[in-house]
Amino acid sequence: MIIYAKVDYDHIKNENAMPDDINYQPHFHEKYELLYIIDKDGETFYNIGGARYSLQAGDLVLIKPGTLHNLQIEPNVKYDRIVMYFSKEDIKPEQRGILDSSNSLYHIQDGDGLKKIFDVLLQDEVLFSKEEF
C-alpha cells in the first residue's frame with residue numbers, strides 16, 4: 001500500500017489508561033484507523049463493529065471508515081501503541097478495495113516485513129525532528 005497524502009500519526013507511550021477517557025468510548029471516524037500495539041501490561045480489548053478482540057503486543061488493528069469501535073482497557077494499564085489515520089482520498093483507488101476487504105486484526109510476527117516498518121518508524125521518531133518525521 002502506498003499512501004501519498006496526509007497521514008495523522010501518533011505514538012502513545014507509557015500512559016495509564018483512564019476508563020472515563022473519551023477515547024475509550026464507542027466512536028467512529030470518516031478515516032481509516034490503523035492501530036499497532038507495541039506493548040501492554042494488562043488485559044486489553046478492541047471492540048470493532050460488534051466483535052470483541054483480545055489484543056496482544058504485535059497486533060495490528062484496521063478500522064474502516066464509519067465502523068463503530070473502541071479500546072477497552074483496565075484502569076491504570078500501561079501500554080505503548082502507534083495510531084495512524086488516513087482518508088480514502090489518501091490512498092490509490094485500487095488499494096481501497098484491498099483495505100475494505102481486509103480483516104480487522106492481524107498478529108505481526110518478528111521478522112515480518114510489516115514489523116520492520118513499525119521498527120523503522122520508531123527509530124525515525126528519535127532520529128528526526130517532529131517536522132522532518
# chains A, B, ... in the order shown; residues from 1 in each chain; ligands from 1
>>> residues_around(residues="Ser102 in chain A", least_positions_apart="4", cutoff="9 Å", atoms="only C-alpha atoms", output="ChimeraX atom specification")
/A:62,97-98
>>> write_last_selection(atoms="C-alpha atoms", output="PDB file, in the first residue's frame")
ATOM      1  CA  LEU A  62      -7.520  -1.939  10.949  1.00  0.00           C
ATOM      2  CA  GLY A  97     -10.646  -2.462  -2.238  1.00  0.00           C
ATOM      3  CA  ILE A  98      -7.782  -4.290  -0.561  1.00  0.00           C
TER       4      ILE A  98
END
>>> closest_atom_pairs(of="range 81-116 of chain A", to="range 43-47 of chain A", cutoff="12 Å", atoms="only C-alpha atoms", output="tab-separated table")
residue	atom	partner	partner_atom	distance
A:Arg81	CA	A:Thr44	CA	11.8
A:Ser104	CA	A:Tyr46	CA	10.0
A:Leu105	CA	A:Tyr46	CA	9.5
>>> closest_residue(among="A:Gly58, A:Pro65, A:Pro93, A:Pro75", to="Tyr106 in chain A", atoms="only C-alpha atoms")
A:Gly58
>>> closest_residue(among="A:Tyr79, A:Tyr24, A:Tyr53, A:Phe118", to="Asp41 in chain A", atoms="only C-alpha atoms")
A:Tyr79
>>> atom_distance(atom1="CA of Gly42 in chain A", atom2="CA of Asp124 in chain A")
27.6 Å
>>> closest_residue(among="A:Ser101, A:Ser54, A:Ser87, A:Gln109", to="Lys6 in chain A", atoms="only C-alpha atoms")
A:Ser87
>>> select_by_dssp(residues="chain A", states="alpha helix (DSSP H)", output="ChimeraX atom specification")
/A:93-100,113-127
>>> residues_around(residues="Leu60 in chain A", least_positions_apart="5", cutoff="10 Å", atoms="only C-alpha atoms", output="PDB file with C-alpha atoms, in the first residue's frame")
ATOM      1  CA  LEU A  34      -4.536   1.719  11.853  1.00  0.00           C
ATOM      2  CA  LEU A  35      -3.548   0.751  15.396  1.00  0.00           C
ATOM      3  CA  TYR A  36      -0.340  -1.126  16.210  1.00  0.00           C
ATOM      4  CA  ILE A  37       0.166  -2.460  19.749  1.00  0.00           C
ATOM      5  CA  ILE A  38       3.842  -2.284  20.663  1.00  0.00           C
ATOM      6  CA  LEU A  55      -5.106  -7.554  21.884  1.00  0.00           C
ATOM      7  CA  ARG A  81       0.797   1.946  20.655  1.00  0.00           C
ATOM      8  CA  ILE A  82       1.033   3.670  17.324  1.00  0.00           C
ATOM      9  CA  VAL A  83      -2.126   5.074  15.747  1.00  0.00           C
ATOM     10  CA  SER A 104      -9.788  -6.191  11.323  1.00  0.00           C
ATOM     11  CA  LEU A 105      -6.993  -7.871  13.293  1.00  0.00           C
ATOM     12  CA  TYR A 106      -3.587  -9.253  12.360  1.00  0.00           C
ATOM     13  CA  HIS A 107      -0.783 -10.508  14.589  1.00  0.00           C
ATOM     14  CA  ILE A 108       2.605  -9.453  13.269  1.00  0.00           C
ATOM     15  CA  LEU A 114       5.305  -5.087   8.457  1.00  0.00           C
ATOM     16  CA  LYS A 115       7.039  -5.386  11.840  1.00  0.00           C
TER      17      LYS A 115
END
>>> residues_around(residues="Asp8 in chain A", least_positions_apart="6", cutoff="9 Å", atoms="only C-alpha atoms", output="list in words")
Val83, Met84, Tyr85 and Phe86 of chain A
>>> closest_residue(among="A:Val77, A:Val61, A:Val120, A:Leu68", to="Ile48 in chain A", atoms="only C-alpha atoms")
A:Leu68
>>> closest_residue(among="A:Lys13, A:Lys78, A:Arg52, A:His69", to="Leu122 in chain A", atoms="only C-alpha atoms")
A:Lys13
